[in-house]
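J.: Mind looking over this structure? Questions follow.
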Amino acid sequence: MEEEDELLLSIQLLLKENNEEEEKYSQENRVKAIKDITGYEFNDPIILQQAFTHHSYEEGNSSSYDRLEYIGDSVLNFLIAKEHFLMYPDLDPGKLTRLRSANVDTEKLARVSFKHELYKLLRHNHPHLDRQINEFRDAIKEYPLHSTGLIDTPKALADIVESLVGAIYIDSNSSIDITWEVVKNLLQPMITPENLQTHPVTMLNEMCQKKGLEVKFVDLWSAKGEIEVLVDGEFVGKGIYEDKKVIAVNRAARNAYIQIVEKLHQENIGHDPS
């Protein structure tokens with residue numbers, strides 16, 4: 001019996017050593033991959049490992065990226081706000097806020113994660129995340145720059161960009177300059193005032209207000225996964241998305257906006273005296 005116990009202990013120790021060796025190489029590969037992507041080489045590979053560890057991934061005392069994401073979000077917002085403040089001296093605070101938001105929102109950062117294949121470094125045990133990533137990859141093909149709330153974005157893709165920014169900031173002894181060098185390259189192409197898109201709900205409301213039209217959203221989401229839009233009591237469009245109500249609303253607003261613009265265009269043609 002003692003011999004069996006000793007054999008079992010030896011096997012356990014061997015497995016532990018193998019796992020530790022595999023993790024060492026995994027960390028080395030992760031450091032190299034991030035250096036290739038960002039140009040930055042981590043001094044502490046453990047903090048880099050943490051930056052790509054989802055809270056669903058259980059491994060001893062391994063911490064998730066939640067705290068790094070927290071600091072990375074703040075640093076990222078500051079860096080983009082500072083850059084826009086200096087680059088666009090004539091923009092008012094409202095437009096600066098919209099521009100900053102567009103460059104650091106969930107979809108934008110998820111696109112960064114996908115473009116640079118950062119998501120491949122993510123350690124997780126989330127049962128549906130891989131499917132969501134694949135769906136996001138297909139969805140963004142229709143919107144080269146940004147969908148403005150029309151597609152579903154896996155939050156984890158954006159989280160690891162923020163946590164990576166936070167990890168670089170901490171690992172570089174809180175160097176804003178070093179962190180900015182990484183951020184400004186990662187976020188290319190940046191959204192500018194020239195290609196900044198208006199949210200579909202805002203577009204619809206502003207146009208209808210200008211034309212003196214009354215907009216009403218009819219909530220059928222719980223029953224049918226869709227939202228309908230009435231303008232002056234007349235049905236003009238709808239949006240469907242069963243997983244998230246907000247996306248159904250955004251799609252309904254965009255569909256209604258397109259329909260109204262087309263209708264107004266046809267009416268103008270009909271009234272053209274020529």
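We name chains A, B, ... following the order of the structure tokens; residues begin at 1 in each chain, and ligands are numbered from 1 as shown.
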I need the residues of stretch 13-178 of chain A that end up classed as alpha helix (DSSP H) by DSSP on the backbone, written out as a ChimeraX atom specification.
T.: /A:13-38,45-51,66-87,93-104,106-115,129-139,155-171,176-178
J.: List every residue of stretch 5-219 of chain A that DSSP, applied to the backbone of this structure, places in strand (DSSP E or B), and write the result as an NGL selection string.
T.: :A and (53 or 123 or 215-219)
J.: Would you save the residues of that selection, restricted to N, CA and C atoms, as a tab-separated table (two decimals), in the first residue's frame?
T.:
chain	number	residue	atom	x	y	z
A	53	THR	N	-6.61	36.59	-18.63
A	53	THR	CA	-7.30	35.54	-17.89
A	53	THR	C	-8.72	35.97	-17.54
A	123	ARG	N	-7.52	33.33	-22.05
A	123	ARG	CA	-7.74	32.06	-21.33
A	123	ARG	C	-9.11	32.12	-20.70
A	215	VAL	N	-42.42	60.29	-33.28
A	215	VAL	CA	-41.84	58.95	-33.30
A	215	VAL	C	-42.31	58.14	-32.09
A	216	LYS	N	-42.66	56.89	-32.35
A	216	LYS	CA	-43.05	56.00	-31.25
A	216	LYS	C	-42.45	54.62	-31.49
A	217	PHE	N	-41.73	54.10	-30.48
A	217	PHE	CA	-41.19	52.75	-30.55
A	217	PHE	C	-42.18	51.79	-29.87
A	218	VAL	N	-42.57	50.76	-30.59
A	218	VAL	CA	-43.51	49.76	-30.06
A	218	VAL	C	-42.70	48.53	-29.62
A	219	ASP	N	-42.77	48.23	-28.33
A	219	ASP	CA	-41.94	47.17	-27.75
A	219	ASP	C	-42.63	45.81	-27.87
J.: One number please: atom CA of A:Ser64 to atom CA of A:Lys120, in Å, one decimal.
T.: 16.2 Å
J.: List the neighbours of stretch 150-164 of chain A out to 9 Å using only C-alpha atoms; skip same-chain residues closer than 4 positions along the sequence, and give me the result as a tab-separated table (two decimals) with C-alpha atoms, in the first residue's frame.
T.:
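Contents of part.tsv, freshly written:
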chain	number	residue	atom	x	y	z
A	48	LEU	CA	0.59	39.79	-18.77
A	50	GLN	CA	-3.38	38.01	-15.72
A	51	ALA	CA	-4.33	40.50	-18.45
A	52	PHE	CA	-5.62	37.64	-20.59
A	53	THR	CA	-7.30	35.54	-17.89
A	54	HIS	CA	-11.10	35.64	-17.94
A	65	TYR	CA	-8.08	40.62	-15.68
A	66	ASP	CA	-10.84	42.55	-13.89
A	67	ARG	CA	-8.55	44.91	-11.92
A	68	LEU	CA	-6.26	45.54	-14.88
A	69	GLU	CA	-9.31	46.25	-17.03
A	70	TYR	CA	-10.42	48.83	-14.47
A	71	ILE	CA	-7.16	50.79	-14.57
A	72	GLY	CA	-6.78	50.28	-18.32
A	73	ASP	CA	-10.20	51.76	-18.99
A	74	SER	CA	-9.27	54.94	-17.09
A	75	VAL	CA	-5.85	55.25	-18.73
A	76	LEU	CA	-7.31	54.67	-22.20
A	104	VAL	CA	-12.96	53.42	-26.88
A	105	ASP	CA	-16.42	51.84	-26.85
A	106	THR	CA	-16.94	48.08	-26.66
A	107	GLU	CA	-17.28	47.51	-30.39
A	108	LYS	CA	-14.24	49.58	-31.31
A	109	LEU	CA	-12.03	47.80	-28.78
A	110	ALA	CA	-13.40	44.40	-29.78
A	111	ARG	CA	-12.39	45.20	-33.36
A	112	VAL	CA	-8.89	46.01	-32.08
A	113	SER	CA	-8.79	42.65	-30.31
A	114	PHE	CA	-9.87	40.88	-33.47
A	118	LEU	CA	-5.40	39.36	-29.13
A	119	TYR	CA	-8.44	37.17	-28.51
A	122	LEU	CA	-7.50	34.83	-23.95
A	129	LEU	CA	-17.64	32.89	-26.02
A	132	GLN	CA	-19.90	34.81	-30.05
A	133	ILE	CA	-16.44	35.66	-31.36
A	135	GLU	CA	-20.46	35.62	-35.04
A	136	PHE	CA	-18.79	38.97	-34.38
A	139	ALA	CA	-20.93	40.63	-38.53
A	140	ILE	CA	-18.21	43.27	-38.80
A	146	HIS	CA	-18.20	50.71	-36.87
A	168	ILE	CA	1.45	47.90	-19.86
A	169	TYR	CA	0.82	51.01	-17.75
A	200	PRO	CA	-29.34	55.50	-35.35
A	243	ASP	CA	-30.53	38.19	-27.71
A	244	LYS	CA	-30.38	41.89	-26.81
A	246	VAL	CA	-30.99	47.43	-27.30
A	247	ILE	CA	-29.71	46.05	-30.61
A	248	ALA	CA	-33.28	45.44	-31.79
A	249	VAL	CA	-34.07	49.07	-30.92
A	250	ASN	CA	-31.04	50.36	-32.81
A	251	ARG	CA	-31.86	48.26	-35.85
A	254	ARG	CA	-31.97	52.59	-38.58
J.: In Å to one decimal, how far is atom CA of A:Asp177 from atom CA of A:Thr192?
T.: 21.8 Å
J.: Take atom CA of A:Lys245 and atom CA of A:Lys224 and report the distance between them in Å, one decimal.
T.: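 One can read the atom CA of A:Lys245 to atom CA of A:Lys224 distance as 10.8 Å.
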J.: Could you give me, as a ChimeraX atom specification, the residues within 12 Å of A:Met190, counting only C-alpha atoms and dropping anything in the same chain fewer than 3 positions from it?
T.: /A:80,83-84,99-104,108-109,111-112,145-146,183-187,193-196
J.: Filtering to N, CA, C and O atoms, could you give me those residues as an mmCIF file, in the first residue's frame?
T.:
data_model
loop_
_atom_site.group_PDB
_atom_site.id
_atom_site.type_symbol
_atom_site.label_atom_id
_atom_site.label_comp_id
_atom_site.auth_asym_id
_atom_site.auth_seq_id
_atom_site.Cartn_x
_atom_site.Cartn_y
_atom_site.Cartn_z
ATOM 1 N N ILE A 80 -6.928 59.098 -24.877
ATOM 2 C CA ILE A 80 -7.694 59.506 -26.052
ATOM 3 C C ILE A 80 -8.241 60.917 -25.866
ATOM 4 O O ILE A 80 -8.224 61.734 -26.799
ATOM 5 N N GLU A 83 -5.363 63.331 -26.470
ATOM 6 C CA GLU A 83 -4.998 63.391 -27.883
ATOM 7 C C GLU A 83 -6.004 64.230 -28.669
ATOM 8 O O GLU A 83 -5.633 65.073 -29.485
ATOM 9 N N HIS A 84 -7.297 64.001 -28.424
ATOM 10 C CA HIS A 84 -8.326 64.751 -29.155
ATOM 11 C C HIS A 84 -8.351 66.225 -28.754
ATOM 12 O O HIS A 84 -8.592 67.098 -29.593
ATOM 13 N N LEU A 99 -16.585 61.755 -29.777
ATOM 14 C CA LEU A 99 -15.443 61.226 -30.512
ATOM 15 C C LEU A 99 -14.635 60.263 -29.650
ATOM 16 O O LEU A 99 -14.229 59.183 -30.112
ATOM 17 N N ARG A 100 -14.408 60.648 -28.405
ATOM 18 C CA ARG A 100 -13.670 59.753 -27.499
ATOM 19 C C ARG A 100 -14.436 58.449 -27.298
ATOM 20 O O ARG A 100 -13.855 57.353 -27.373
ATOM 21 N N SER A 101 -15.736 58.558 -27.060
ATOM 22 C CA SER A 101 -16.554 57.365 -26.825
ATOM 23 C C SER A 101 -16.493 56.408 -28.003
ATOM 24 O O SER A 101 -16.410 55.190 -27.833
ATOM 25 N N ALA A 102 -16.545 56.968 -29.221
ATOM 26 C CA ALA A 102 -16.521 56.122 -30.414
ATOM 27 C C ALA A 102 -15.211 55.360 -30.552
ATOM 28 O O ALA A 102 -15.176 54.253 -31.089
ATOM 29 N N ASN A 103 -14.120 55.932 -30.048
ATOM 30 C CA ASN A 103 -12.811 55.302 -30.179
ATOM 31 C C ASN A 103 -12.473 54.334 -29.065
ATOM 32 O O ASN A 103 -11.464 53.600 -29.167
ATOM 33 N N VAL A 104 -13.264 54.324 -27.994
ATOM 34 C CA VAL A 104 -12.959 53.416 -26.880
ATOM 35 C C VAL A 104 -14.175 52.594 -26.463
ATOM 36 O O VAL A 104 -14.141 51.947 -25.423
ATOM 37 N N LYS A 108 -15.535 49.135 -30.778
ATOM 38 C CA LYS A 108 -14.243 49.581 -31.311
ATOM 39 C C LYS A 108 -13.101 48.752 -30.737
ATOM 40 O O LYS A 108 -12.209 48.289 -31.467
ATOM 41 N N LEU A 109 -13.108 48.553 -29.418
ATOM 42 C CA LEU A 109 -12.026 47.803 -28.783
ATOM 43 C C LEU A 109 -12.079 46.326 -29.159
ATOM 44 O O LEU A 109 -11.030 45.675 -29.294
ATOM 45 N N ARG A 111 -12.990 45.235 -32.026
ATOM 46 C CA ARG A 111 -12.389 45.204 -33.361
ATOM 47 C C ARG A 111 -10.857 45.216 -33.262
ATOM 48 O O ARG A 111 -10.169 44.550 -34.041
ATOM 49 N N VAL A 112 -10.345 45.979 -32.316
ATOM 50 C CA VAL A 112 -8.890 46.008 -32.082
ATOM 51 C C VAL A 112 -8.403 44.616 -31.679
ATOM 52 O O VAL A 112 -7.394 44.121 -32.192
ATOM 53 N N LEU A 145 -15.919 50.120 -40.489
ATOM 54 C CA LEU A 145 -15.378 50.978 -39.433
ATOM 55 C C LEU A 145 -16.082 50.780 -38.102
ATOM 56 O O LEU A 145 -15.446 50.582 -37.065
ATOM 57 N N HIS A 146 -17.414 50.815 -38.101
ATOM 58 C CA HIS A 146 -18.196 50.708 -36.870
ATOM 59 C C HIS A 146 -19.664 50.520 -37.242
ATOM 60 O O HIS A 146 -20.127 51.096 -38.225
ATOM 61 N N VAL A 183 -0.918 52.333 -27.453
ATOM 62 C CA VAL A 183 -2.340 52.600 -27.698
ATOM 63 C C VAL A 183 -2.572 53.215 -29.071
ATOM 64 O O VAL A 183 -3.472 52.803 -29.811
ATOM 65 N N LYS A 184 -1.777 54.199 -29.443
ATOM 66 C CA LYS A 184 -2.031 54.915 -30.701
ATOM 67 C C LYS A 184 -1.855 54.009 -31.914
ATOM 68 O O LYS A 184 -2.474 54.239 -32.956
ATOM 69 N N ASN A 185 -1.037 52.971 -31.781
ATOM 70 C CA ASN A 185 -0.876 52.015 -32.874
ATOM 71 C C ASN A 185 -1.963 50.949 -32.867
ATOM 72 O O ASN A 185 -2.477 50.566 -33.926
ATOM 73 N N LEU A 186 -2.335 50.501 -31.682
ATOM 74 C CA LEU A 186 -3.373 49.479 -31.569
ATOM 75 C C LEU A 186 -4.707 49.966 -32.126
ATOM 76 O O LEU A 186 -5.427 49.210 -32.787
ATOM 77 N N LEU A 187 -5.058 51.213 -31.864
ATOM 78 C CA LEU A 187 -6.384 51.709 -32.187
ATOM 79 C C LEU A 187 -6.554 52.184 -33.628
ATOM 80 O O LEU A 187 -7.633 52.646 -34.006
ATOM 81 N N PRO A 193 -13.455 63.169 -36.611
ATOM 82 C CA PRO A 193 -14.701 63.949 -36.759
ATOM 83 C C PRO A 193 -15.336 63.776 -38.132
ATOM 84 O O PRO A 193 -16.564 63.850 -38.268
ATOM 85 N N GLU A 194 -14.518 63.512 -39.149
ATOM 86 C CA GLU A 194 -15.035 63.373 -40.513
ATOM 87 C C GLU A 194 -15.814 62.076 -40.715
ATOM 88 O O GLU A 194 -16.773 62.042 -41.501
ATOM 89 N N ASN A 195 -15.397 60.992 -40.056
ATOM 90 C CA ASN A 195 -16.119 59.727 -40.256
ATOM 91 C C ASN A 195 -16.877 59.265 -39.009
ATOM 92 O O ASN A 195 -17.312 58.104 -38.931
ATOM 93 N N LEU A 196 -17.037 60.165 -38.038
ATOM 94 C CA LEU A 196 -17.811 59.848 -36.841
ATOM 95 C C LEU A 196 -19.284 59.709 -37.208
ATOM 96 O O LEU A 196 -19.889 60.624 -37.766
#
J.: Could you pull the residues within 12 Å of A:Lys32, counting only C-alpha atoms, minus those fewer than 6 positions along the same chain, as a list in words?
T.: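 My list of contacting residues is Tyr25, Ser26, Thr38, Gly39, Tyr40, Glu41, Phe42, Asn43, Pro45, Leu48 and Leu121 of chain A.
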J.: Go ahead and save the picked residues with C-alpha atoms, as a compact mmCIF listing (two decimals), in the first residue's frame.
T.:
# COMPACT_ATOMS: atom_id res chain seq x y z
CA TYR A 25 6.55 28.15 -22.16
CA SER A 26 3.02 29.49 -22.51
CA THR A 38 2.71 46.02 -29.70
CA GLY A 39 6.48 46.44 -29.69
CA TYR A 40 6.42 46.31 -25.89
CA GLU A 41 8.21 43.55 -23.94
CA PHE A 42 6.88 42.82 -20.48
CA ASN A 43 9.20 42.78 -17.50
CA PRO A 45 5.11 37.89 -17.51
CA LEU A 48 0.59 39.79 -18.77
CA LEU A 121 -4.36 34.73 -26.10
J.: Excluding A:Glu226 and any residue of its chain fewer than 2 positions from it, enumerate the residues within 7 Å of it, using only C-alpha atoms, and give them as a compact mmCIF listing (two decimals) with N, CA and C atoms, in the first residue's frame.
T.:
# COMPACT_ATOMS: atom_id res chain seq x y z
N LEU A 220 -42.16 45.01 -28.81
CA LEU A 220 -42.65 43.63 -28.97
C LEU A 220 -41.52 42.64 -28.70
N TRP A 221 -40.51 43.11 -28.01
CA TRP A 221 -39.29 42.32 -27.87
C TRP A 221 -39.50 41.05 -27.04
N LYS A 224 -41.67 38.70 -29.37
CA LYS A 224 -41.22 38.37 -30.73
C LYS A 224 -39.76 38.71 -31.01
N GLU A 228 -40.91 47.71 -33.21
CA GLU A 228 -41.49 48.40 -34.36
C GLU A 228 -41.42 49.91 -34.14
N LYS A 238 -38.92 48.19 -38.58
CA LYS A 238 -38.75 47.37 -37.39
C LYS A 238 -37.33 46.82 -37.33
N GLY A 239 -36.96 46.36 -36.14
CA GLY A 239 -35.66 45.74 -35.94
C GLY A 239 -35.82 44.47 -35.15
N ILE A 240 -35.05 43.46 -35.52
CA ILE A 240 -35.16 42.16 -34.86
C ILE A 240 -33.81 41.72 -34.33
N TYR A 241 -33.76 41.37 -33.05
CA TYR A 241 -32.60 40.73 -32.46
C TYR A 241 -33.03 40.16 -31.11
N ALA A 248 -32.02 45.41 -31.04
CA ALA A 248 -33.28 45.44 -31.79
C ALA A 248 -33.79 46.87 -31.93
J.: When distances are computed from only C-alpha atoms, which of A:His124, A:Lys35, A:Arg30, A:Lys82 shows the smallest separation from A:Ile176?
T.: A:Lys82
